[in-house]
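Asks: Below you will find the structure I want to go over with you.
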Amino acid sequence: MNKYVKYGLIVVLVLGALWAAAFFIKSNSKGAITYDTKKPFIASIEKKTVATGKVIPQEEVEIKPQITGIIDKILLKEGEDVKAGDLIAVIKVVPNEQALNSAQGRVRNAEASLANIQIEYDRNKKLYDRGVISNQDFNNLQLRYDQAVVELENSRTDYRIIRLGSAGGANSANTNIRATVNGTILEIPVEVGDQVIQSNNFNDGTTIATIADLKTMIFEGKVDEGEVGKLKIGMPLEISLGAIENQKLEAKLKFIAPKGIEEAGAVQFKIEGDVALNDSIFIRAGYSANASLVLEKKDSIMVIPEALLQFDKENDKPYVEVATGDQKFERRDIEIGISDGVNVEIISGLTEEDEVKVWNKTEPIKRGEDEEEAES
């Protein structure tokens with residue numbers, strides 16, 4: 001009895017071991033992976049770059065005072081259209097006490113000099129009329145008298161300028177700030193009561209207003225040093241405005257900076273392009289914008305998806321795997337051209353009939369799983 005039990009247990013153990021081994025092998029079998037393939041096809045490729053920047057007026061004119069004082073009136077507002085000569089603001093002069101006192105002293109001296117020469121002139125005029133003094137002596141005295149009159153007038157004019165800001169009438173006063181060009185007032189950075197400084201050789205002066213022609217706009221942006229060498233004056237630009245959706249403007253590249261500026265470790269070059277405005281869209285100065293530039297374009301060329309490429313680890317040369325049979329592939333070295341980030345040009349190494357392996361599928365299909373699903 002013990003003998004049969006013993007043999008029975010051995011048989012059970014052997015069968016159990018065989019079943020466990022078969023289950024383990026089956027559960028850990030990955031099966032053969034089935035790869036998809038794609039054929040090269042004919043398409044066009046545009047290699048583009050995008051420059052970020054803004055749309056601004058081609059010229060902005062800053063209106064500055066010719067005299068120091070305080071803003072007394074502001075007659076126009078930002079956004080209003082102006083013509084050259086329109087009055088924008090009026091300045092109230094605050095005279096410098098030292099300069100004013102000096103001007104007053106000059107007037108008094110001129111009046112005293114004129115009074116003195118007037119007495120001498122009147123006396124000698126009578127003598128000249130009676131023929132007592134010569135013509136030459138009287139002419140010299142006449143010259144001195146005329147110079148004294150001119151000096152008094154000049155001193156009084158200087159005094160009026162210092163005290164009032166103008167030697168003449170209100171229309172020609174330096175206290176009147178007028179537009180110098182036609183355009184739109186972009187900004188008035190001062191308010192009534194603000195003190196302003198005149199523009200001179202040593203000081204830029206206070207800006208009273210900024211005027212620009214919004215009908216002539218340019219795109220100003222920057223491109224990376226790796227792409228600036230491919231740009232050419234006259235290239236077309238496609239401008240997209242951040243503030244206006246689904247609207248694009250055309251432009252032409254007119255300027256490429258000869259010197260780059262380093263920003264965040266990268267060298268950037270400034271570019272400018274003339275923007276063709278659309279009358280149906282009002283473009284405000286300073287809108288953020290992106291300019292798309294076509295660096296290179298090829299039509300009707302053979303391409304494949306760039307994701308099919310593989311690269312040799314040793315020399316970084318591109319290659320693909322081409323089907324030679326049912327799920328059999330061989331390596332094929334290829335030469336590639338331009339790419340738009342999605343498709344890449346095939347210069348040599350492939351034909352339109354070749355089937356290229358899709359090697360980088362995130363979830364490859366297992367042949368064993370397909371068979372199980374088909375059976376079920």
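Each chain in the structure tokens gets a letter, A, B and so on, in the order shown; residues start at 1 in every chain, and ligands are counted from 1 in the order they appear.
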Could you tell me, as a PDB file with N, CA and C atoms, in the first residue's frame, which residues of stretch 125-290 of chain A DSSP assigns to strand (DSSP E) when given the backbone?
Replies:
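Final output, saved to result_26.pdb:
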```
ATOM      1  N   ASN A 176       4.136 128.099 -25.711  1.00  0.00           N
ATOM      2  CA  ASN A 176       3.132 127.313 -26.435  1.00  0.00           C
ATOM      3  C   ASN A 176       3.795 126.087 -27.051  1.00  0.00           C
ATOM      4  N   ILE A 177       3.373 124.891 -26.625  1.00  0.00           N
ATOM      5  CA  ILE A 177       3.942 123.639 -27.129  1.00  0.00           C
ATOM      6  C   ILE A 177       3.065 123.151 -28.271  1.00  0.00           C
ATOM      7  N   ARG A 178       3.611 123.096 -29.477  1.00  0.00           N
ATOM      8  CA  ARG A 178       2.844 122.756 -30.670  1.00  0.00           C
ATOM      9  C   ARG A 178       3.388 121.475 -31.323  1.00  0.00           C
ATOM     10  N   GLY A 183       0.082 113.426 -37.277  1.00  0.00           N
ATOM     11  CA  GLY A 183       0.027 112.080 -36.739  1.00  0.00           C
ATOM     12  C   GLY A 183      -0.984 111.940 -35.622  1.00  0.00           C
ATOM     13  N   THR A 184      -0.750 110.946 -34.766  1.00  0.00           N
ATOM     14  CA  THR A 184      -1.616 110.653 -33.627  1.00  0.00           C
ATOM     15  C   THR A 184      -0.808 110.793 -32.343  1.00  0.00           C
ATOM     16  N   ILE A 185      -1.411 111.400 -31.345  1.00  0.00           N
ATOM     17  CA  ILE A 185      -0.726 111.532 -30.054  1.00  0.00           C
ATOM     18  C   ILE A 185      -0.749 110.171 -29.353  1.00  0.00           C
ATOM     19  N   LEU A 186       0.412 109.578 -29.194  1.00  0.00           N
ATOM     20  CA  LEU A 186       0.516 108.284 -28.541  1.00  0.00           C
ATOM     21  C   LEU A 186       0.537 108.416 -27.024  1.00  0.00           C
ATOM     22  N   GLU A 187       1.188 109.468 -26.552  1.00  0.00           N
ATOM     23  CA  GLU A 187       1.369 109.577 -25.105  1.00  0.00           C
ATOM     24  C   GLU A 187       1.578 111.034 -24.705  1.00  0.00           C
ATOM     25  N   GLN A 195       6.516 120.215 -13.463  1.00  0.00           N
ATOM     26  CA  GLN A 195       7.623 121.070 -13.902  1.00  0.00           C
ATOM     27  C   GLN A 195       8.340 120.411 -15.061  1.00  0.00           C
ATOM     28  N   VAL A 196       8.673 121.189 -16.079  1.00  0.00           N
ATOM     29  CA  VAL A 196       9.351 120.669 -17.261  1.00  0.00           C
ATOM     30  C   VAL A 196      10.652 121.430 -17.472  1.00  0.00           C
ATOM     31  N   ALA A 209       4.858 115.384 -25.235  1.00  0.00           N
ATOM     32  CA  ALA A 209       3.975 114.476 -25.972  1.00  0.00           C
ATOM     33  C   ALA A 209       4.806 113.669 -26.969  1.00  0.00           C
ATOM     34  N   THR A 210       4.282 112.501 -27.326  1.00  0.00           N
ATOM     35  CA  THR A 210       4.889 111.661 -28.363  1.00  0.00           C
ATOM     36  C   THR A 210       3.883 111.494 -29.491  1.00  0.00           C
ATOM     37  N   ILE A 211       4.313 111.809 -30.718  1.00  0.00           N
ATOM     38  CA  ILE A 211       3.431 111.770 -31.889  1.00  0.00           C
ATOM     39  C   ILE A 211       4.000 110.789 -32.914  1.00  0.00           C
ATOM     40  N   ALA A 212       3.116 110.011 -33.534  1.00  0.00           N
ATOM     41  CA  ALA A 212       3.550 109.069 -34.569  1.00  0.00           C
ATOM     42  C   ALA A 212       2.445 108.904 -35.594  1.00  0.00           C
ATOM     43  N   MET A 217       3.636 101.502 -40.212  1.00  0.00           N
ATOM     44  CA  MET A 217       4.072 100.666 -39.106  1.00  0.00           C
ATOM     45  C   MET A 217       5.164  99.695 -39.569  1.00  0.00           C
ATOM     46  N   ILE A 218       5.981  99.279 -38.627  1.00  0.00           N
ATOM     47  CA  ILE A 218       7.019  98.288 -38.902  1.00  0.00           C
ATOM     48  C   ILE A 218       6.964  97.194 -37.848  1.00  0.00           C
ATOM     49  N   PHE A 219       7.461  96.010 -38.219  1.00  0.00           N
ATOM     50  CA  PHE A 219       7.657  94.931 -37.249  1.00  0.00           C
ATOM     51  C   PHE A 219       9.098  94.981 -36.769  1.00  0.00           C
ATOM     52  N   GLU A 220       9.277  94.945 -35.469  1.00  0.00           N
ATOM     53  CA  GLU A 220      10.616  94.936 -34.871  1.00  0.00           C
ATOM     54  C   GLU A 220      10.732  93.696 -34.000  1.00  0.00           C
ATOM     55  N   GLY A 221      11.685  92.836 -34.338  1.00  0.00           N
ATOM     56  CA  GLY A 221      11.845  91.587 -33.595  1.00  0.00           C
ATOM     57  C   GLY A 221      13.287  91.127 -33.570  1.00  0.00           C
ATOM     58  N   LYS A 222      13.482  89.892 -33.082  1.00  0.00           N
ATOM     59  CA  LYS A 222      14.826  89.337 -32.948  1.00  0.00           C
ATOM     60  C   LYS A 222      14.841  87.889 -33.414  1.00  0.00           C
ATOM     61  N   VAL A 223      15.958  87.491 -34.040  1.00  0.00           N
ATOM     62  CA  VAL A 223      16.151  86.106 -34.471  1.00  0.00           C
ATOM     63  C   VAL A 223      17.469  85.591 -33.915  1.00  0.00           C
ATOM     64  N   ASP A 224      17.554  84.274 -33.808  1.00  0.00           N
ATOM     65  CA  ASP A 224      18.743  83.640 -33.260  1.00  0.00           C
ATOM     66  C   ASP A 224      19.894  83.694 -34.265  1.00  0.00           C
ATOM     67  N   PRO A 236       9.792  87.914 -47.619  1.00  0.00           N
ATOM     68  CA  PRO A 236       8.432  88.137 -47.087  1.00  0.00           C
ATOM     69  C   PRO A 236       8.313  87.637 -45.649  1.00  0.00           C
ATOM     70  N   LEU A 237       7.516  88.336 -44.859  1.00  0.00           N
ATOM     71  CA  LEU A 237       7.221  87.959 -43.490  1.00  0.00           C
ATOM     72  C   LEU A 237       5.710  87.849 -43.334  1.00  0.00           C
ATOM     73  N   GLU A 238       5.280  86.913 -42.526  1.00  0.00           N
ATOM     74  CA  GLU A 238       3.861  86.785 -42.196  1.00  0.00           C
ATOM     75  C   GLU A 238       3.702  87.127 -40.717  1.00  0.00           C
ATOM     76  N   ILE A 239       2.997  88.231 -40.448  1.00  0.00           N
ATOM     77  CA  ILE A 239       2.899  88.771 -39.098  1.00  0.00           C
ATOM     78  C   ILE A 239       1.609  88.307 -38.439  1.00  0.00           C
ATOM     79  N   SER A 240       1.732  87.728 -37.256  1.00  0.00           N
ATOM     80  CA  SER A 240       0.575  87.350 -36.440  1.00  0.00           C
ATOM     81  C   SER A 240       0.562  88.229 -35.202  1.00  0.00           C
ATOM     82  N   LEU A 241      -0.580  88.871 -34.953  1.00  0.00           N
ATOM     83  CA  LEU A 241      -0.713  89.778 -33.821  1.00  0.00           C
ATOM     84  C   LEU A 241      -1.334  89.055 -32.636  1.00  0.00           C
ATOM     85  N   LYS A 248      -3.691  87.964 -40.140  1.00  0.00           N
ATOM     86  CA  LYS A 248      -2.269  87.967 -40.469  1.00  0.00           C
ATOM     87  C   LYS A 248      -1.978  89.136 -41.403  1.00  0.00           C
ATOM     88  N   LEU A 249      -0.824  89.735 -41.213  1.00  0.00           N
ATOM     89  CA  LEU A 249      -0.393  90.855 -42.040  1.00  0.00           C
ATOM     90  C   LEU A 249       0.861  90.470 -42.800  1.00  0.00           C
ATOM     91  N   GLU A 250       0.998  91.024 -43.981  1.00  0.00           N
ATOM     92  CA  GLU A 250       2.190  90.785 -44.786  1.00  0.00           C
ATOM     93  C   GLU A 250       3.219  91.884 -44.538  1.00  0.00           C
ATOM     94  N   ALA A 251       4.473  91.515 -44.632  1.00  0.00           N
ATOM     95  CA  ALA A 251       5.562  92.476 -44.427  1.00  0.00           C
ATOM     96  C   ALA A 251       6.756  92.034 -45.255  1.00  0.00           C
ATOM     97  N   LYS A 252       7.703  92.967 -45.414  1.00  0.00           N
ATOM     98  CA  LYS A 252       8.951  92.667 -46.119  1.00  0.00           C
ATOM     99  C   LYS A 252      10.127  93.058 -45.243  1.00  0.00           C
ATOM    100  N   LEU A 253      11.085  92.169 -45.144  1.00  0.00           N
ATOM    101  CA  LEU A 253      12.265  92.412 -44.321  1.00  0.00           C
ATOM    102  C   LEU A 253      13.082  93.556 -44.915  1.00  0.00           C
ATOM    103  N   LYS A 254      13.375  94.575 -44.093  1.00  0.00           N
ATOM    104  CA  LYS A 254      14.117  95.729 -44.607  1.00  0.00           C
ATOM    105  C   LYS A 254      15.418  95.983 -43.853  1.00  0.00           C
ATOM    106  N   PHE A 255      15.607  95.345 -42.699  1.00  0.00           N
ATOM    107  CA  PHE A 255      16.806  95.630 -41.907  1.00  0.00           C
ATOM    108  C   PHE A 255      17.211  94.401 -41.103  1.00  0.00           C
ATOM    109  N   ILE A 256      18.514  94.113 -41.114  1.00  0.00           N
ATOM    110  CA  ILE A 256      19.096  93.057 -40.280  1.00  0.00           C
ATOM    111  C   ILE A 256      20.277  93.680 -39.547  1.00  0.00           C
ATOM    112  N   ILE A 261      23.115  90.891 -29.937  1.00  0.00           N
ATOM    113  CA  ILE A 261      23.048  91.189 -28.506  1.00  0.00           C
ATOM    114  C   ILE A 261      22.835  89.874 -27.759  1.00  0.00           C
ATOM    115  N   GLU A 262      23.660  89.628 -26.753  1.00  0.00           N
ATOM    116  CA  GLU A 262      23.542  88.392 -25.992  1.00  0.00           C
ATOM    117  C   GLU A 262      22.421  88.511 -24.968  1.00  0.00           C
ATOM    118  N   GLU A 263      21.502  87.563 -25.017  1.00  0.00           N
ATOM    119  CA  GLU A 263      20.385  87.523 -24.090  1.00  0.00           C
ATOM    120  C   GLU A 263      20.201  86.096 -23.601  1.00  0.00           C
ATOM    121  N   ALA A 266      22.202  83.391 -25.301  1.00  0.00           N
ATOM    122  CA  ALA A 266      22.067  83.253 -26.759  1.00  0.00           C
ATOM    123  C   ALA A 266      22.222  84.615 -27.413  1.00  0.00           C
ATOM    124  N   VAL A 267      22.814  84.628 -28.602  1.00  0.00           N
ATOM    125  CA  VAL A 267      23.026  85.870 -29.334  1.00  0.00           C
ATOM    126  C   VAL A 267      21.835  86.104 -30.249  1.00  0.00           C
ATOM    127  N   GLN A 268      21.190  87.257 -30.097  1.00  0.00           N
ATOM    128  CA  GLN A 268      20.023  87.619 -30.883  1.00  0.00           C
ATOM    129  C   GLN A 268      20.345  88.811 -31.788  1.00  0.00           C
ATOM    130  N   PHE A 269      19.749  88.815 -32.991  1.00  0.00           N
ATOM    131  CA  PHE A 269      19.944  89.904 -33.939  1.00  0.00           C
ATOM    132  C   PHE A 269      18.610  90.589 -34.208  1.00  0.00           C
ATOM    133  N   LYS A 270      18.624  91.904 -34.158  1.00  0.00           N
ATOM    134  CA  LYS A 270      17.408  92.679 -34.389  1.00  0.00           C
ATOM    135  C   LYS A 270      17.089  92.725 -35.879  1.00  0.00           C
ATOM    136  N   ILE A 271      15.805  92.587 -36.207  1.00  0.00           N
ATOM    137  CA  ILE A 271      15.351  92.712 -37.586  1.00  0.00           C
ATOM    138  C   ILE A 271      14.162  93.670 -37.624  1.00  0.00           C
ATOM    139  N   GLU A 272      13.925  94.261 -38.798  1.00  0.00           N
ATOM    140  CA  GLU A 272      12.781  95.140 -38.997  1.00  0.00           C
ATOM    141  C   GLU A 272      12.151  94.825 -40.349  1.00  0.00           C
ATOM    142  N   GLY A 273      10.839  94.968 -40.402  1.00  0.00           N
ATOM    143  CA  GLY A 273      10.124  94.739 -41.657  1.00  0.00           C
ATOM    144  C   GLY A 273       9.002  95.738 -41.834  1.00  0.00           C
ATOM    145  N   ASP A 274       8.812  96.221 -43.076  1.00  0.00           N
ATOM    146  CA  ASP A 274       7.709  97.130 -43.389  1.00  0.00           C
ATOM    147  C   ASP A 274       6.410  96.342 -43.442  1.00  0.00           C
ATOM    148  N   VAL A 275       5.409  96.781 -42.669  1.00  0.00           N
ATOM    149  CA  VAL A 275       4.138  96.070 -42.568  1.00  0.00           C
ATOM    150  C   VAL A 275       3.116  96.698 -43.515  1.00  0.00           C
ATOM    151  N   ALA A 276       2.464  95.837 -44.291  1.00  0.00           N
ATOM    152  CA  ALA A 276       1.366  96.300 -45.150  1.00  0.00           C
ATOM    153  C   ALA A 276       0.085  96.255 -44.330  1.00  0.00           C
ATOM    154  N   TYR A 287       1.704  96.552 -30.243  1.00  0.00           N
ATOM    155  CA  TYR A 287       1.117  95.213 -30.233  1.00  0.00           C
ATOM    156  C   TYR A 287       2.228  94.162 -30.318  1.00  0.00           C
ATOM    157  N   SER A 288       2.166  93.144 -29.462  1.00  0.00           N
ATOM    158  CA  SER A 288       3.103  92.031 -29.579  1.00  0.00           C
ATOM    159  C   SER A 288       2.785  91.233 -30.837  1.00  0.00           C
ATOM    160  N   ALA A 289       3.821  90.723 -31.475  1.00  0.00           N
ATOM    161  CA  ALA A 289       3.622  90.036 -32.759  1.00  0.00           C
ATOM    162  C   ALA A 289       4.705  88.999 -32.977  1.00  0.00           C
ATOM    163  N   ASN A 290       4.390  88.020 -33.808  1.00  0.00           N
ATOM    164  CA  ASN A 290       5.341  87.016 -34.264  1.00  0.00           C
ATOM    165  C   ASN A 290       5.446  87.094 -35.779  1.00  0.00           C
TER     166      ASN A 290
END
```
Asks: I'd like the neighbourhood of stretch 332-346 of chain A as a ChimeraX atom specification, where a residue qualifies if any of its atoms comes within 7 Å (using only C-alpha atoms), though same-chain residues fewer than 5 positions away should be ignored.
Replies: /A:45-47,301-306,318-322
Asks: Got time to write the residues from that selection, all heavy atoms, as a compact mmCIF listing (two decimals), in the first residue's frame?
Replies:
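As written to disk, out_8.txt reads:
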```txt
# COMPACT_ATOMS: atom_id res chain seq x y z
N ILE A 45 8.27 70.90 -48.64
CA ILE A 45 8.73 71.21 -47.28
C ILE A 45 9.15 72.68 -47.23
O ILE A 45 9.88 73.16 -48.11
CB ILE A 45 9.91 70.31 -46.86
CG1 ILE A 45 9.42 68.88 -46.64
CG2 ILE A 45 10.56 70.83 -45.59
CD1 ILE A 45 10.50 67.93 -46.15
N GLU A 46 8.68 73.35 -46.22
CA GLU A 46 9.11 74.71 -45.92
C GLU A 46 9.81 74.72 -44.56
O GLU A 46 9.23 74.28 -43.57
CB GLU A 46 7.92 75.68 -45.88
CG GLU A 46 7.32 75.98 -47.22
CD GLU A 46 6.22 77.03 -47.12
OE1 GLU A 46 5.83 77.36 -45.98
OE2 GLU A 46 5.76 77.52 -48.15
N LYS A 47 11.02 75.22 -44.56
CA LYS A 47 11.74 75.37 -43.30
C LYS A 47 11.57 76.80 -42.82
O LYS A 47 12.01 77.75 -43.48
CB LYS A 47 13.22 75.05 -43.48
CG LYS A 47 14.00 75.04 -42.17
CD LYS A 47 15.45 74.62 -42.38
CE LYS A 47 16.20 74.58 -41.04
NZ LYS A 47 17.62 74.18 -41.24
N ILE A 301 9.32 66.90 -53.52
CA ILE A 301 10.50 66.10 -53.16
C ILE A 301 10.04 64.86 -52.39
O ILE A 301 8.94 64.82 -51.85
CB ILE A 301 11.48 66.91 -52.29
CG1 ILE A 301 10.78 67.44 -51.04
CG2 ILE A 301 12.10 68.04 -53.08
CD1 ILE A 301 11.71 68.15 -50.07
N MET A 302 10.89 63.83 -52.37
CA MET A 302 10.57 62.60 -51.65
C MET A 302 10.89 62.78 -50.18
O MET A 302 11.99 63.21 -49.82
CB MET A 302 11.35 61.41 -52.22
CG MET A 302 10.92 60.08 -51.61
SD MET A 302 11.60 58.66 -52.49
CE MET A 302 13.36 58.88 -52.23
N VAL A 303 9.91 62.46 -49.33
CA VAL A 303 10.08 62.66 -47.89
C VAL A 303 9.58 61.44 -47.15
O VAL A 303 8.84 60.60 -47.70
CB VAL A 303 9.32 63.91 -47.40
CG1 VAL A 303 9.78 65.15 -48.14
CG2 VAL A 303 7.81 63.73 -47.55
N ILE A 304 9.98 61.34 -45.89
CA ILE A 304 9.43 60.37 -44.95
C ILE A 304 9.21 61.08 -43.63
O ILE A 304 9.83 62.14 -43.38
CB ILE A 304 10.36 59.16 -44.74
CG1 ILE A 304 11.70 59.60 -44.14
CG2 ILE A 304 10.56 58.37 -46.03
CD1 ILE A 304 12.59 58.44 -43.69
N PRO A 305 8.36 60.57 -42.77
CA PRO A 305 8.23 61.16 -41.43
C PRO A 305 9.57 61.13 -40.70
O PRO A 305 10.28 60.11 -40.72
CB PRO A 305 7.20 60.27 -40.75
CG PRO A 305 6.39 59.69 -41.86
CD PRO A 305 7.37 59.49 -42.99
N GLU A 306 9.92 62.23 -40.09
CA GLU A 306 11.22 62.33 -39.41
C GLU A 306 11.34 61.32 -38.27
O GLU A 306 12.44 60.92 -37.90
CB GLU A 306 11.42 63.75 -38.89
CG GLU A 306 12.83 64.02 -38.42
CD GLU A 306 13.10 65.50 -38.18
OE1 GLU A 306 12.23 66.32 -38.55
OE2 GLU A 306 14.16 65.82 -37.62
N PRO A 318 22.44 59.13 -40.28
CA PRO A 318 21.07 58.64 -40.28
C PRO A 318 20.93 57.34 -41.08
O PRO A 318 21.61 57.12 -42.07
CB PRO A 318 20.29 59.78 -40.94
CG PRO A 318 21.29 60.42 -41.85
CD PRO A 318 22.61 60.31 -41.17
N TYR A 319 20.00 56.51 -40.64
CA TYR A 319 19.66 55.31 -41.39
C TYR A 319 18.23 54.92 -41.06
O TYR A 319 17.62 55.43 -40.10
CB TYR A 319 20.62 54.16 -41.08
CG TYR A 319 20.50 53.59 -39.68
CD1 TYR A 319 19.66 52.51 -39.41
CD2 TYR A 319 21.24 54.13 -38.63
CE1 TYR A 319 19.55 52.00 -38.13
CE2 TYR A 319 21.13 53.62 -37.35
CZ TYR A 319 20.29 52.55 -37.10
OH TYR A 319 20.17 52.03 -35.83
N VAL A 320 17.67 54.02 -41.86
CA VAL A 320 16.34 53.47 -41.60
C VAL A 320 16.44 51.96 -41.78
O VAL A 320 17.44 51.43 -42.26
CB VAL A 320 15.28 54.05 -42.56
CG1 VAL A 320 15.09 55.53 -42.31
CG2 VAL A 320 15.66 53.79 -44.01
N GLU A 321 15.37 51.30 -41.37
CA GLU A 321 15.28 49.85 -41.57
C GLU A 321 14.19 49.60 -42.61
O GLU A 321 13.06 50.04 -42.45
CB GLU A 321 14.96 49.14 -40.26
CG GLU A 321 16.11 49.23 -39.24
CD GLU A 321 15.82 48.43 -37.99
OE1 GLU A 321 15.72 47.18 -38.11
OE2 GLU A 321 15.68 49.04 -36.92
N VAL A 322 14.57 48.89 -43.68
CA VAL A 322 13.69 48.64 -44.81
C VAL A 322 13.26 47.18 -44.81
O VAL A 322 14.07 46.27 -44.56
CB VAL A 322 14.38 49.00 -46.14
CG1 VAL A 322 13.47 48.72 -47.32
CG2 VAL A 322 14.81 50.45 -46.13
```
Asks: Can you build me a table of stretch 147-256 of chain A residues sitting at most 8 Å from stretch 113-119 of chain A, with the closest atom pair per residue and its distance in Å to one decimal, using only C-alpha atoms, sorted by chain and residue number, as a Markdown table?
Replies:
```
| residue | atom | partner | partner_atom | distance |
| --- | --- | --- | --- | --- |
| A:Ala148 | CA | A:Leu114 | CA | 5.2 |
| A:Val149 | CA | A:Leu114 | CA | 6.4 |
| A:Leu152 | CA | A:Leu114 | CA | 7.5 |
```
Asks: Those selected residues, please, written with N, CA, C and O atoms and delivered as a PDB file, in the first residue's frame.
Replies:
```pdb
ATOM      1  N   ALA A 148      23.219 153.021 -28.023  1.00  0.00           N
ATOM      2  CA  ALA A 148      22.583 153.057 -26.711  1.00  0.00           C
ATOM      3  C   ALA A 148      21.100 152.706 -26.811  1.00  0.00           C
ATOM      4  O   ALA A 148      20.543 152.018 -25.952  1.00  0.00           O
ATOM      5  N   VAL A 149      20.436 153.223 -27.879  1.00  0.00           N
ATOM      6  CA  VAL A 149      19.019 152.891 -28.082  1.00  0.00           C
ATOM      7  C   VAL A 149      18.832 151.395 -28.313  1.00  0.00           C
ATOM      8  O   VAL A 149      17.938 150.753 -27.747  1.00  0.00           O
ATOM      9  N   LEU A 152      19.325 149.354 -25.086  1.00  0.00           N
ATOM     10  CA  LEU A 152      18.174 149.409 -24.198  1.00  0.00           C
ATOM     11  C   LEU A 152      17.057 148.489 -24.682  1.00  0.00           C
ATOM     12  O   LEU A 152      16.437 147.773 -23.876  1.00  0.00           O
TER      13      LEU A 152
END
```
Asks: Between atom CA of A:Arg106 and atom CA of A:Asn139, what is the spacing in Å?
Replies: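 Atom-to-atom, atom CA of A:Asn139 to atom CA of A:Arg106, that is 26.1 Å.
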Asks: Write out as a list in words which residues come within 9 Å of A:Gly286 when counting only C-alpha atoms, dropping same-chain ones fewer than 6 positions away.
Replies: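 Residues near the query, excluding close chain neighbours: Lys54, Val55, Ile56 and Pro57 of chain A.
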Asks: Find the residues near stretch 66-77 of chain A: any atom within 6 Å, counting only C-alpha atoms, skip ones fewer than 6 places away on the same chain, and give them as a VMD selection string.
Replies: chain A and resid 88 to 94 192 to 199
Asks: Just the number, please: distance in Å from atom CA of A:Asp213 to atom CA of A:Glu78, one decimal.
Replies: 13.4 Å
Asks: Enter the distance from atom CA of A:Val82 to atom CA of A:Ile63, in Å, rounded to one decimal.
Replies: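 Spanning atom CA of A:Val82 to atom CA of A:Ile63 is a straight-line distance of 12.6 Å.
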Asks: Find the residues near A:Lys64: any atom within 6 Å, counting only C-alpha atoms, skip ones fewer than 4 places away on the same chain, and give them as a list of chain:residue names.
Replies: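 Result of the neighbour search: A:Thr206, A:Thr207, A:Ile208.
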Asks: Go through stretch 109-181 of chain A and collect every residue that DSSP, computed from the backbone, puts in alpha helix (DSSP H); the answer should be as a PyMOL selection string.
Replies: chain A and resi 109-129+135-164
